[in-house]
$ cat work-v5.pdb   # PDB, C-alpha atoms
ATOM      1  CA  MET A  14      43.589   0.255   2.727
ATOM      2  CA  ALA A  15      45.192   2.279  -0.051
ATOM      3  CA  ILE A  16      42.541   4.946   0.407
ATOM      4  CA  PHE A  17      43.357   5.193   4.119
ATOM      5  CA  ARG A  18      47.057   5.664   3.334
ATOM      6  CA  LEU A  19      46.223   8.323   0.743
ATOM      7  CA  VAL A  20      43.894  10.159   3.120
ATOM      8  CA  ARG A  21      46.482  10.006   5.884
ATOM      9  CA  LYS A  22      49.367  11.065   3.605
ATOM     10  CA  CYS A  23      47.463  14.026   2.197
ATOM     11  CA  GLY A  24      46.408  15.102   5.638
ATOM     12  CA  ILE A  25      42.831  15.512   4.464
ATOM     13  CA  ILE A  26      41.384  14.033   7.613
ATOM     14  CA  ASN A  27      42.770  12.616  10.807
ATOM     15  CA  MET A  28      42.663   8.802  10.731
ATOM     16  CA  ASP A  29      40.920   8.689  14.122
ATOM     17  CA  TYR A  30      38.052  10.780  12.732
ATOM     18  CA  LEU A  31      37.774   8.535   9.676
ATOM     19  CA  VAL A  32      37.490   5.411  11.834
ATOM     20  CA  TYR A  33      34.900   7.196  14.000
ATOM     21  CA  ILE A  34      32.825   8.220  10.928
ATOM     22  CA  ILE A  35      32.961   4.704   9.471
ATOM     23  CA  GLY A  36      31.892   3.309  12.850
ATOM     24  CA  ILE A  37      28.876   5.620  12.927
ATOM     25  CA  ILE A  38      27.889   4.652   9.380
ATOM     26  CA  VAL A  39      28.174   0.922  10.126
ATOM     27  CA  THR A  40      26.128   1.356  13.332
ATOM     28  CA  LEU A  41      23.384   3.229  11.444
ATOM     29  CA  VAL A  42      23.225   0.571   8.715
ATOM     30  CA  ILE A  43      23.023  -2.242  11.276
ATOM     31  CA  GLY A  44      20.343  -0.328  13.215
ATOM     32  CA  PHE A  45      18.326   0.257  10.039
ATOM     33  CA  LEU A  46      18.444  -3.435   9.096
ATOM     34  CA  ALA A  47      17.594  -4.476  12.668
ATOM     35  CA  LEU A  48      14.324  -2.513  12.399
ATOM     36  CA  GLY A  49      13.195  -4.938   9.690
ATOM     37  CA  LEU A  50      13.942  -7.895  11.926
ATOM     38  CA  ILE A  51      12.062  -6.399  14.873
ATOM     39  CA  LYS A  52       8.985  -5.090  13.049
ATOM     40  CA  ARG A  53       8.215  -7.647  10.352
ATOM     41  CA  LYS A  54       4.837  -6.229   9.269
ATOM     42  CA  ILE A  55       2.659  -3.147   9.445
ATOM     43  CA  THR A  56      -1.052  -3.456  10.224
ATOM     44  CA  TYR A  57      -3.621  -0.679  10.126
ATOM     45  CA  ASP A  58      -7.401  -0.247   9.985
ATOM     46  CA  ARG A  59      -9.472   2.603   8.606
ATOM     47  CA  GLU A  60     -13.197   3.294   8.276
ATOM     48  CA  ILE A  61     -15.507   5.908   6.862
ATOM     49  CA  LEU A  62     -19.271   6.481   6.797
ATOM     50  CA  VAL A  63     -20.935   7.018   3.406
ATOM     51  CA  ASP A  64     -24.329   8.628   2.921
ATOM     52  CA  LYS A  65     -25.654   5.964   0.522
ATOM     53  CA  PRO A  66     -27.199   2.507   1.001
ATOM     54  CA  VAL A  67     -24.797  -0.435   1.132
ATOM     55  CA  GLU A  68     -25.942  -1.900  -2.196
ATOM     56  CA  GLU A  69     -25.178   1.335  -4.064
ATOM     57  CA  ALA A  70     -21.865   1.821  -2.258
ATOM     58  CA  GLY A  71     -20.837  -1.738  -3.114
ATOM     59  CA  HIS A  72     -21.649  -1.345  -6.794
ATOM     60  CA  VAL A  73     -19.586   1.842  -7.095
ATOM     61  CA  ALA A  74     -16.627   0.465  -5.130
ATOM     62  CA  GLN A  75     -16.382  -2.686  -7.259
ATOM     63  CA  ASP A  76     -16.903  -0.936 -10.606
ATOM     64  CA  GLU A  77     -13.486  -1.275 -12.259
ATOM     65  CA  GLU A  78     -14.243   1.561 -14.669
ATOM     66  CA  ARG A  79     -14.643   3.950 -11.708
ATOM     67  CA  MET A  80     -11.554   2.931  -9.710
ATOM     68  CA  SER A  81      -9.431   5.745 -11.151
ATOM     69  CA  GLU A  82     -11.815   8.176  -9.434
ATOM     70  CA  TRP A  83     -10.795   7.015  -5.971
ATOM     71  CA  LEU A  84      -7.596   4.930  -6.143
ATOM     72  CA  GLU A  85      -4.643   7.258  -6.522
ATOM     73  CA  GLY A  86      -2.509   6.425  -9.552
ATOM     74  CA  PHE A  87      -4.848   3.648 -10.764
ATOM     75  CA  LYS A  88      -4.646   3.022 -14.523
ATOM     76  CA  LYS A  89      -6.230  -0.323 -15.344
ATOM     77  CA  ILE A  90      -6.890  -3.925 -14.358
ATOM     78  CA  GLU A  91      -5.791  -6.786 -16.588
ATOM     79  CA  HIS A  92      -7.397 -10.132 -15.744
ATOM     80  CA  VAL A  93      -4.812 -12.932 -15.731
ATOM     81  CA  SER A  94      -6.762 -15.998 -14.625
ATOM     82  CA  GLY A  95      -9.994 -17.086 -12.988
ATOM     83  CA  THR A  96     -13.393 -15.477 -13.218
ATOM     84  CA  PRO A  97     -13.470 -11.751 -12.387
ATOM     85  CA  LYS A  98     -14.917 -10.895  -8.961
ATOM     86  CA  THR A  99     -14.664 -14.494  -7.687
ATOM     87  CA  VAL A 100     -12.306 -16.272  -5.284
ATOM     88  CA  GLY A 101      -9.063 -17.226  -7.004
ATOM     89  CA  ASN A 102      -9.252 -14.491  -9.631
ATOM     90  CA  VAL A 103      -5.782 -13.137 -10.408
ATOM     91  CA  SER A 104      -5.358  -9.713 -11.985
ATOM     92  CA  ASN A 105      -2.517  -7.350 -12.724
ATOM     93  CA  VAL A 106      -3.435  -3.904 -11.422
ATOM     94  CA  TYR A 107      -1.513  -1.044 -13.042
ATOM     95  CA  PHE A 108      -0.675   2.175 -11.189
ATOM     96  CA  THR A 109       1.450   5.198 -11.960
ATOM     97  CA  VAL A 110       3.575   6.174  -8.960
ATOM     98  CA  ASN A 111       5.943   9.152  -9.198
ATOM     99  CA  GLY A 112       5.742   9.001 -12.990
ATOM    100  CA  LYS A 113       6.622   5.303 -13.176
ATOM    101  CA  GLU A 114       4.353   2.377 -13.943
ATOM    102  CA  MET A 115       3.923  -0.159 -11.159
ATOM    103  CA  VAL A 116       2.192  -3.522 -11.587
ATOM    104  CA  VAL A 117       0.579  -5.244  -8.617
ATOM    105  CA  LYS A 118      -0.515  -8.884  -8.837
ATOM    106  CA  ARG A 119      -3.842  -9.119  -6.991
ATOM    107  CA  THR A 120      -5.484 -12.390  -6.013
ATOM    108  CA  ILE A 121      -9.000 -12.387  -4.557
ATOM    109  CA  THR A 122      -8.985 -14.654  -1.498
ATOM    110  CA  ALA A 123     -12.603 -14.102  -0.345
ATOM    111  CA  ILE A 124     -15.526 -12.122  -1.714
ATOM    112  CA  LYS A 125     -19.162 -11.408  -1.023
ATOM    113  CA  LEU A 126     -20.243  -9.275  -3.937
ATOM    114  CA  PHE A 127     -20.914  -5.654  -3.019
ATOM    115  CA  GLU A 128     -20.328  -6.343   0.694
ATOM    116  CA  SER A 129     -16.766  -7.495   1.303
ATOM    117  CA  MET A 130     -13.580  -8.560  -0.398
ATOM    118  CA  GLU A 131     -10.253  -9.940   0.798
ATOM    119  CA  SER A 132      -7.220  -9.938  -1.444
ATOM    120  CA  LEU A 133      -3.487 -10.484  -1.562
ATOM    121  CA  SER A 134      -1.520  -7.907  -3.546
ATOM    122  CA  GLU A 135       2.061  -8.753  -4.446
ATOM    123  CA  THR A 136       4.998  -6.749  -5.784
ATOM    124  CA  ASP A 137       8.732  -7.389  -5.737
ATOM    125  CA  PHE A 138       9.015  -4.985  -2.789
ATOM    126  CA  MET A 139       6.088  -6.034  -0.581
ATOM    127  CA  ASN A 140       2.959  -8.132  -0.100
ATOM    128  CA  MET A 141      -0.301  -6.647   1.162
ATOM    129  CA  GLU A 142      -3.266  -8.495   2.643
ATOM    130  CA  TYR A 143      -6.284  -6.225   2.273
ATOM    131  CA  THR A 144      -9.863  -6.581   3.501
ATOM    132  CA  VAL A 145     -12.688  -4.154   2.803
ATOM    133  CA  LYS A 146     -16.165  -4.525   4.312
ATOM    134  CA  MET A 147     -19.353  -2.580   3.772
ATOM    135  CA  THR A 148     -21.929  -2.603   6.553
ATOM    136  CA  ALA A 149     -25.407  -1.061   6.412
ATOM    137  CA  ILE A 150     -26.123   1.455   9.158
ATOM    138  CA  GLY A 151     -29.652   2.557   8.463
ATOM    139  CA  ASN A 152     -29.608   4.130   5.003
ATOM    140  CA  LYS A 153     -25.843   4.727   5.217
ATOM    141  CA  THR A 154     -22.815   2.490   4.720
ATOM    142  CA  LYS A 155     -19.794   2.007   6.940
ATOM    143  CA  ILE A 156     -16.749   1.097   4.847
ATOM    144  CA  SER A 157     -14.000  -0.565   6.889
ATOM    145  CA  SER A 158     -10.576  -1.540   5.597
ATOM    146  CA  SER A 159      -7.901  -3.627   7.243
ATOM    147  CA  THR A 160      -4.388  -3.890   5.816
ATOM    148  CA  THR A 161      -1.316  -5.944   6.681
ATOM    149  CA  VAL A 162       1.878  -5.128   4.776
ATOM    150  CA  LYS A 163       5.011  -7.273   4.779
ATOM    151  CA  GLY A 164       8.270  -6.378   3.066
ATOM    152  CA  ASN A 165      10.003  -8.855   0.799
ATOM    153  CA  GLY A 166      13.560  -8.935   2.092
ATOM    154  CA  ILE A 167      15.324  -7.286   5.013
ATOM    155  CA  PHE A 168      15.806  -3.924   3.243
ATOM    156  CA  ALA A 169      12.103  -3.713   2.300
ATOM    157  CA  LYS A 170      11.030  -4.684   5.817
ATOM    158  CA  SER A 171      13.264  -1.999   7.304
ATOM    159  CA  LEU A 172      12.100   0.645   4.841
ATOM    160  CA  LEU A 173       8.436  -0.172   5.532
ATOM    161  CA  VAL A 174       8.966   0.850   9.166
ATOM    162  CA  PHE A 175       9.481   4.398   7.878
ATOM    163  CA  MET A 176       6.748   4.158   5.215
ATOM    164  CA  GLY A 177       4.000   2.995   7.590
ATOM    165  CA  SER A 178       2.484   6.402   8.263
ATOM    166  CA  SER A 179       2.423   7.327   4.569
ATOM    167  CA  LEU A 180       0.682   4.036   3.712
ATOM    168  CA  LYS A 181      -1.948   4.759   6.368
ATOM    169  CA  LYS A 182      -2.459   8.298   5.060
ATOM    170  CA  GLN A 183      -2.816   6.985   1.505
ATOM    171  CA  GLU A 184      -5.512   4.529   2.588
ATOM    172  CA  GLU A 185      -7.342   7.345   4.355
ATOM    173  CA  LYS A 186      -7.171   9.520   1.207
ATOM    174  CA  ASN A 187      -8.448   6.655  -0.933
ATOM    175  CA  LEU A 188     -11.405   6.056   1.393
ATOM    176  CA  ILE A 189     -12.324   9.752   1.391
ATOM    177  CA  LYS A 190     -12.177   9.781  -2.414
ATOM    178  CA  LEU A 191     -14.268   6.593  -2.508
ATOM    179  CA  LYS A 192     -16.836   8.220  -0.190
ATOM    180  CA  ASN A 193     -17.020  11.259  -2.484
ATOM    181  CA  THR A 194     -17.305   9.073  -5.602
ATOM    182  CA  ILE A 195     -20.126   7.040  -4.063
ATOM    183  CA  GLU A 196     -22.021  10.046  -2.720
ATOM    184  CA  ASN A 197     -21.721  11.916  -6.037
ATOM    185  CA  THR A 198     -23.031   8.969  -8.059
ATOM    186  CA  ARG A 199     -26.670   8.984  -9.014
ATOM    187  CA  LYS A 200     -28.659   5.904  -8.147
ATOM    188  CA  TYR A 201     -26.669   3.027  -9.642
ATOM    189  CA  PHE A 202     -29.563   0.839 -10.773
TER     190      PHE A 202
END
$ encode --input "work-v5.pdb" --output "C-alpha coordinates"
Amino acid sequence: MAIFRLVRKCGIINMDYLVYIIGIIVTLVIGFLALGLIKRKITYDREILVDKPVEEAGHVAQDEERMSEWLEGFKKIEHVSGTPKTVGNVSNVYFTVNGKEMVVKRTITAIKLFESMESLSETDFMNMEYTVKMTAIGNKTKISSSTTVKGNGIFAKSLLVFMGSSLKKQEEKNLIKLKNTIENTRKYF
(Lines of atoms letter the chains of each structure in order from A and count residues from 1; the text may use other names and numbers.)
(Lines give C-alpha, C1' and ligand atoms only; values in the text may rest on other atoms or scores of the structure.)
Protein backbone atom coordinates (compact mmCIF):
# COMPACT_ATOMS: atom_id res chain seq x y z
CA MET A 1 0.00 0.00 0.00
CA ALA A 2 2.89 2.36 0.67
CA ILE A 3 3.89 2.12 -2.98
CA PHE A 4 0.37 3.13 -4.06
CA ARG A 5 0.49 6.18 -1.78
CA LEU A 6 3.92 7.13 -3.13
CA VAL A 7 2.81 6.71 -6.74
CA ARG A 8 -0.33 8.74 -6.08
CA LYS A 9 1.53 11.47 -4.15
CA CYS A 10 4.18 11.87 -6.82
CA GLY A 11 1.58 11.99 -9.52
CA ILE A 12 3.53 9.48 -11.58
CA ILE A 13 0.44 7.61 -12.67
CA ASN A 14 -3.25 7.93 -12.05
CA MET A 15 -4.41 5.36 -9.48
CA ASP A 16 -7.21 4.18 -11.77
CA TYR A 17 -4.66 3.29 -14.46
CA LEU A 18 -2.51 1.43 -11.93
CA VAL A 19 -5.46 -0.69 -10.79
CA TYR A 20 -6.35 -1.35 -14.45
CA ILE A 21 -2.75 -2.44 -15.27
CA ILE A 22 -2.58 -4.72 -12.22
CA GLY A 23 -5.93 -6.23 -13.21
CA ILE A 24 -4.63 -7.00 -16.70
CA ILE A 25 -1.47 -8.59 -15.30
CA VAL A 26 -3.43 -10.76 -12.85
CA THR A 27 -5.83 -11.83 -15.64
CA LEU A 28 -2.91 -12.80 -17.91
CA VAL A 29 -1.23 -14.82 -15.15
CA ILE A 30 -4.46 -16.65 -14.32
CA GLY A 31 -5.08 -17.31 -18.04
CA PHE A 32 -1.54 -18.65 -18.48
CA LEU A 33 -1.90 -21.02 -15.52
CA ALA A 34 -5.36 -22.12 -16.70
CA LEU A 35 -3.80 -23.33 -19.97
CA GLY A 36 -1.86 -25.93 -17.98
CA LEU A 37 -5.04 -27.16 -16.34
CA ILE A 38 -6.88 -27.42 -19.66
CA LYS A 39 -4.14 -29.01 -21.77
CA ARG A 40 -2.32 -31.42 -19.47
CA LYS A 41 -0.17 -33.12 -22.13
CA ILE A 42 1.13 -32.75 -25.66
CA THR A 43 1.07 -35.70 -28.05
CA TYR A 44 2.60 -35.84 -31.51
CA ASP A 45 3.65 -38.43 -34.10
CA ARG A 46 6.27 -38.22 -36.81
CA GLU A 47 7.57 -40.61 -39.48
CA ILE A 48 10.21 -40.74 -42.16
CA LEU A 49 11.23 -43.21 -44.87
CA VAL A 50 14.87 -44.33 -44.98
CA ASP A 51 16.55 -45.88 -48.01
CA LYS A 52 18.16 -48.76 -46.09
CA PRO A 53 16.91 -52.15 -44.87
CA VAL A 54 15.34 -52.25 -41.41
CA GLU A 55 18.16 -54.27 -39.85
CA GLU A 56 20.79 -51.70 -40.88
CA ALA A 57 18.60 -48.77 -39.84
CA GLY A 58 18.01 -50.36 -36.44
CA HIS A 59 21.70 -50.95 -35.81
CA VAL A 60 22.60 -47.33 -36.60
CA ALA A 61 19.72 -45.87 -34.56
CA GLN A 62 20.61 -47.87 -31.44
CA ASP A 63 24.38 -47.33 -31.69
CA GLU A 64 25.09 -45.07 -28.71
CA GLU A 65 28.39 -43.94 -30.20
CA ARG A 66 26.52 -42.50 -33.21
CA MET A 67 23.71 -40.71 -31.36
CA SER A 68 25.52 -37.36 -31.42
CA GLU A 69 25.22 -37.47 -35.22
CA TRP A 70 21.43 -37.24 -35.11
CA LEU A 71 20.25 -36.19 -31.62
CA GLU A 72 20.76 -32.47 -31.24
CA GLY A 73 22.84 -31.58 -28.19
CA PHE A 74 23.53 -35.24 -27.28
CA LYS A 75 26.76 -35.72 -25.29
CA LYS A 76 26.75 -39.15 -23.67
CA ILE A 77 24.80 -41.94 -21.99
CA GLU A 78 25.70 -43.11 -18.50
CA HIS A 79 24.16 -46.45 -17.53
CA VAL A 80 22.70 -46.32 -14.01
CA SER A 81 21.08 -49.72 -13.55
CA GLY A 82 19.88 -52.78 -15.43
CA THR A 83 21.32 -54.31 -18.56
CA PRO A 84 21.78 -51.89 -21.47
CA LYS A 85 19.20 -52.22 -24.26
CA THR A 86 16.80 -54.29 -22.13
CA VAL A 87 13.52 -53.52 -20.36
CA GLY A 88 14.12 -51.79 -17.04
CA ASN A 89 17.48 -50.32 -18.03
CA VAL A 90 17.92 -46.86 -16.50
CA SER A 91 20.41 -44.40 -17.98
CA ASN A 92 21.27 -40.76 -17.55
CA VAL A 93 21.39 -39.13 -20.98
CA TYR A 94 23.42 -35.91 -21.13
CA PHE A 95 22.59 -33.07 -23.52
CA THR A 96 23.84 -29.54 -23.97
CA VAL A 97 20.96 -27.11 -24.46
CA ASN A 98 21.66 -23.40 -24.94
CA GLY A 99 25.15 -23.88 -23.52
CA LYS A 100 23.94 -25.64 -20.37
CA GLU A 101 24.16 -29.31 -19.48
CA MET A 102 20.85 -31.11 -19.07
CA VAL A 103 20.50 -34.64 -17.68
CA VAL A 104 17.53 -36.80 -18.64
CA LYS A 105 16.77 -40.01 -16.74
CA ARG A 106 15.68 -42.56 -19.35
CA THR A 107 14.05 -45.88 -18.50
CA ILE A 108 13.43 -48.44 -21.24
CA THR A 109 9.87 -49.72 -20.85
CA ALA A 110 9.73 -52.03 -23.91
CA ILE A 111 12.24 -53.03 -26.56
CA LYS A 112 12.58 -55.27 -29.57
CA LEU A 113 16.19 -54.88 -30.60
CA PHE A 114 16.66 -52.97 -33.84
CA GLU A 115 12.89 -52.75 -34.42
CA SER A 116 11.22 -50.77 -31.65
CA MET A 117 11.79 -49.16 -28.29
CA GLU A 118 9.55 -47.47 -25.74
CA SER A 119 10.99 -45.31 -23.00
CA LEU A 120 10.15 -42.85 -20.26
CA SER A 121 12.42 -39.81 -20.05
CA GLU A 122 12.24 -37.71 -16.90
CA THR A 123 13.52 -34.26 -15.94
CA ASP A 124 12.50 -31.85 -13.20
CA PHE A 125 10.50 -29.89 -15.79
CA MET A 126 8.73 -32.65 -17.73
CA ASN A 127 8.24 -36.36 -18.42
CA MET A 128 8.24 -37.77 -21.95
CA GLU A 129 6.88 -41.13 -23.09
CA TYR A 130 8.58 -41.95 -26.38
CA THR A 131 8.07 -44.82 -28.82
CA VAL A 132 10.09 -45.41 -31.98
CA LYS A 133 9.29 -48.19 -34.46
CA MET A 134 11.08 -49.37 -37.56
CA THR A 135 9.04 -51.16 -40.21
CA ALA A 136 10.39 -52.79 -43.37
CA ILE A 137 8.82 -51.52 -46.58
CA GLY A 138 10.55 -53.52 -49.27
CA ASN A 139 14.25 -52.67 -49.00
CA LYS A 140 13.47 -49.42 -47.15
CA THR A 141 12.57 -48.62 -43.55
CA LYS A 142 9.74 -46.52 -42.19
CA ILE A 143 10.75 -44.93 -38.87
CA SER A 144 7.76 -43.81 -36.80
CA SER A 145 7.93 -41.94 -33.52
CA SER A 146 5.18 -41.18 -31.05
CA THR A 147 5.68 -38.78 -28.15
CA THR A 148 3.58 -37.74 -25.16
CA VAL A 149 4.95 -34.91 -23.01
CA LYS A 150 3.60 -33.94 -19.60
CA GLY A 151 4.80 -31.00 -17.53
CA ASN A 152 5.73 -31.45 -13.89
CA GLY A 153 3.78 -28.73 -12.12
CA ILE A 154 1.25 -26.14 -13.27
CA PHE A 155 3.89 -23.69 -14.60
CA ALA A 156 5.59 -26.41 -16.68
CA LYS A 157 2.25 -27.64 -18.02
CA SER A 158 1.29 -24.11 -19.04
CA LEU A 159 4.66 -23.42 -20.64
CA LEU A 160 4.52 -26.68 -22.62
CA VAL A 161 1.39 -25.39 -24.37
CA PHE A 162 3.63 -22.77 -25.99
CA MET A 163 6.57 -25.15 -26.51
CA GLY A 164 4.56 -27.84 -28.33
CA SER A 165 5.37 -26.73 -31.86
CA SER A 166 9.09 -26.40 -31.12
CA LEU A 167 9.17 -29.91 -29.62
CA LYS A 168 7.49 -31.27 -32.76
CA LYS A 169 9.96 -29.43 -35.01
CA GLN A 170 12.88 -30.77 -32.97
CA GLU A 171 11.64 -34.34 -33.38
CA GLU A 172 11.30 -33.78 -37.12
CA LYS A 173 14.88 -32.43 -37.30
CA ASN A 174 16.19 -35.39 -35.32
CA LEU A 175 14.45 -37.88 -37.63
CA ILE A 176 15.85 -36.16 -40.73
CA LYS A 177 19.34 -36.27 -39.21
CA LEU A 178 18.82 -39.93 -38.29
CA LYS A 179 17.74 -40.67 -41.89
CA ASN A 180 20.89 -38.97 -43.21
CA THR A 181 23.11 -40.80 -40.70
CA ILE A 182 21.61 -44.16 -41.65
CA GLU A 183 21.74 -43.55 -45.39
CA ASN A 184 25.35 -42.31 -45.23
CA THR A 185 26.52 -45.35 -43.25
CA ARG A 186 28.16 -48.15 -45.16
CA LYS A 187 26.76 -51.61 -44.62
CA TYR A 188 26.79 -52.07 -40.84
CA PHE A 189 27.72 -55.75 -40.71
$ resolve_selection --input "work-v5.pdb" --expression "the PyMOL selection byres ((chain A and resi 103-105) around 8)" --output "NGL selection string"
:A and (90-95 or 101-102 or 106-107 or 116-121)
$ resolve_selection --input "work-v5.pdb" --expression "the PyMOL selection byres ((chain A and resi 36-52) around 10)" --output "CSV table (one decimal) with C-alpha atoms, in the coordinates of the input"
chain,number,residue,atom,x,y,z
A,30,TYR,CA,38.1,10.8,12.7
A,31,LEU,CA,37.8,8.5,9.7
A,32,VAL,CA,37.5,5.4,11.8
A,33,TYR,CA,34.9,7.2,14.0
A,34,ILE,CA,32.8,8.2,10.9
A,35,ILE,CA,33.0,4.7,9.5
A,53,ARG,CA,8.2,-7.6,10.4
A,54,LYS,CA,4.8,-6.2,9.3
A,55,ILE,CA,2.7,-3.1,9.4
A,163,LYS,CA,5.0,-7.3,4.8
A,164,GLY,CA,8.3,-6.4,3.1
A,166,GLY,CA,13.6,-8.9,2.1
A,167,ILE,CA,15.3,-7.3,5.0
A,168,PHE,CA,15.8,-3.9,3.2
A,169,ALA,CA,12.1,-3.7,2.3
A,170,LYS,CA,11.0,-4.7,5.8
A,171,SER,CA,13.3,-2.0,7.3
A,172,LEU,CA,12.1,0.6,4.8
A,173,LEU,CA,8.4,-0.2,5.5
A,174,VAL,CA,9.0,0.8,9.2
A,175,PHE,CA,9.5,4.4,7.9
$ residues_around --input "work-v5.pdb" --residues "Lys181 of chain A" --least-positions-apart "5" --cutoff "10 Å" --atoms "all atoms listed in the file" --output "list in words"
Ile55, Thr56, Tyr57, Asp58, Arg59, Thr160, Met176, Lys186 and Asn187 of chain A
$ atom_distance --input "work-v5.pdb" --atom1 "atom CA of Thr136 of chain A" --atom2 "atom CA of Val162 of chain A"
11.1 Å
$ atom_distance --input "work-v5.pdb" --atom1 "atom CA of Asn165 of chain A" --atom2 "atom CA of Asn111 of chain A"
21.0 Å
$ resolve_selection --input "work-v5.pdb" --expression "the PyMOL selection byres ((chain A and resi 192) around 12)" --output "PyMOL selection string"
chain A and resi 60-67+69-71+73-74+82-84+147+153-157+185-191+193-198
$ residues_around --input "work-v5.pdb" --residues "Ala123 of chain A" --least-positions-apart "4" --cutoff "12 Å" --atoms "only C-alpha atoms" --output "JSON, numbers by chain"
{"A": [98, 99, 100, 101, 102, 128, 129, 130, 131, 132, 133, 142, 143, 144, 145, 146]}
$ write_last_selection --input "work-v5.pdb" --atoms "C-alpha atoms" --output "mmCIF file, in the coordinates of the input"
data_model
loop_
_atom_site.group_PDB
_atom_site.id
_atom_site.type_symbol
_atom_site.label_atom_id
_atom_site.label_comp_id
_atom_site.auth_asym_id
_atom_site.auth_seq_id
_atom_site.Cartn_x
_atom_site.Cartn_y
_atom_site.Cartn_z
ATOM 1 C CA LYS A 98 -14.917 -10.895 -8.961
ATOM 2 C CA THR A 99 -14.664 -14.494 -7.687
ATOM 3 C CA VAL A 100 -12.306 -16.272 -5.284
ATOM 4 C CA GLY A 101 -9.063 -17.226 -7.004
ATOM 5 C CA ASN A 102 -9.252 -14.491 -9.631
ATOM 6 C CA GLU A 128 -20.328 -6.343 0.694
ATOM 7 C CA SER A 129 -16.766 -7.495 1.303
ATOM 8 C CA MET A 130 -13.580 -8.560 -0.398
ATOM 9 C CA GLU A 131 -10.253 -9.940 0.798
ATOM 10 C CA SER A 132 -7.220 -9.938 -1.444
ATOM 11 C CA LEU A 133 -3.487 -10.484 -1.562
ATOM 12 C CA GLU A 142 -3.266 -8.495 2.643
ATOM 13 C CA TYR A 143 -6.284 -6.225 2.273
ATOM 14 C CA THR A 144 -9.863 -6.581 3.501
ATOM 15 C CA VAL A 145 -12.688 -4.154 2.803
ATOM 16 C CA LYS A 146 -16.165 -4.525 4.312
#
$ axis_aligned_box --input "work-v5.pdb" --around "segment 179-190 of chain A" --padding-each-side "6 Å" --output "lines of an AutoDock Vina configuration file"
center_x = -5.0
center_y = 6.9
center_z = 2.0
size_x = 26.7
size_y = 17.7
size_z = 20.8
$ residues_around --input "work-v5.pdb" --residues "Glu114 of chain A" --least-positions-apart "3" --cutoff "10 Å" --atoms "only C-alpha atoms" --output "PyMOL selection string"
chain A and resi 86-88+107-111
$ write_last_selection --input "work-v5.pdb" --atoms "C-alpha atoms" --output "tab-separated table (two decimals), in the frame of the given file"
chain	number	residue	atom	x	y	z
A	86	GLY	CA	-2.51	6.42	-9.55
A	87	PHE	CA	-4.85	3.65	-10.76
A	88	LYS	CA	-4.65	3.02	-14.52
A	107	TYR	CA	-1.51	-1.04	-13.04
A	108	PHE	CA	-0.68	2.17	-11.19
A	109	THR	CA	1.45	5.20	-11.96
A	110	VAL	CA	3.58	6.17	-8.96
A	111	ASN	CA	5.94	9.15	-9.20
$ atom_distance --input "work-v5.pdb" --atom1 "atom CA of Phe138 of chain A" --atom2 "atom CA of Glu77 of chain A"
24.7 Å
$ closest_residue --input "work-v5.pdb" --among "A:Ala149, A:Leu180, A:Arg199, A:Ser158" --to "Glu68 of chain A" --atoms "all atoms listed in the file"
A:Ala149
$ closest_residue --input "work-v5.pdb" --among "A:Ser134, A:Lys182, A:Ser81, A:Lys89" --to "Thr122 of chain A" --atoms "all atoms listed in the file"
A:Ser134
$ closest_residue --input "work-v5.pdb" --among "A:Gln75, A:Asn152, A:Asn140, A:Thr161" --to "Leu126 of chain A" --atoms "all atoms listed in the file"
A:Gln75
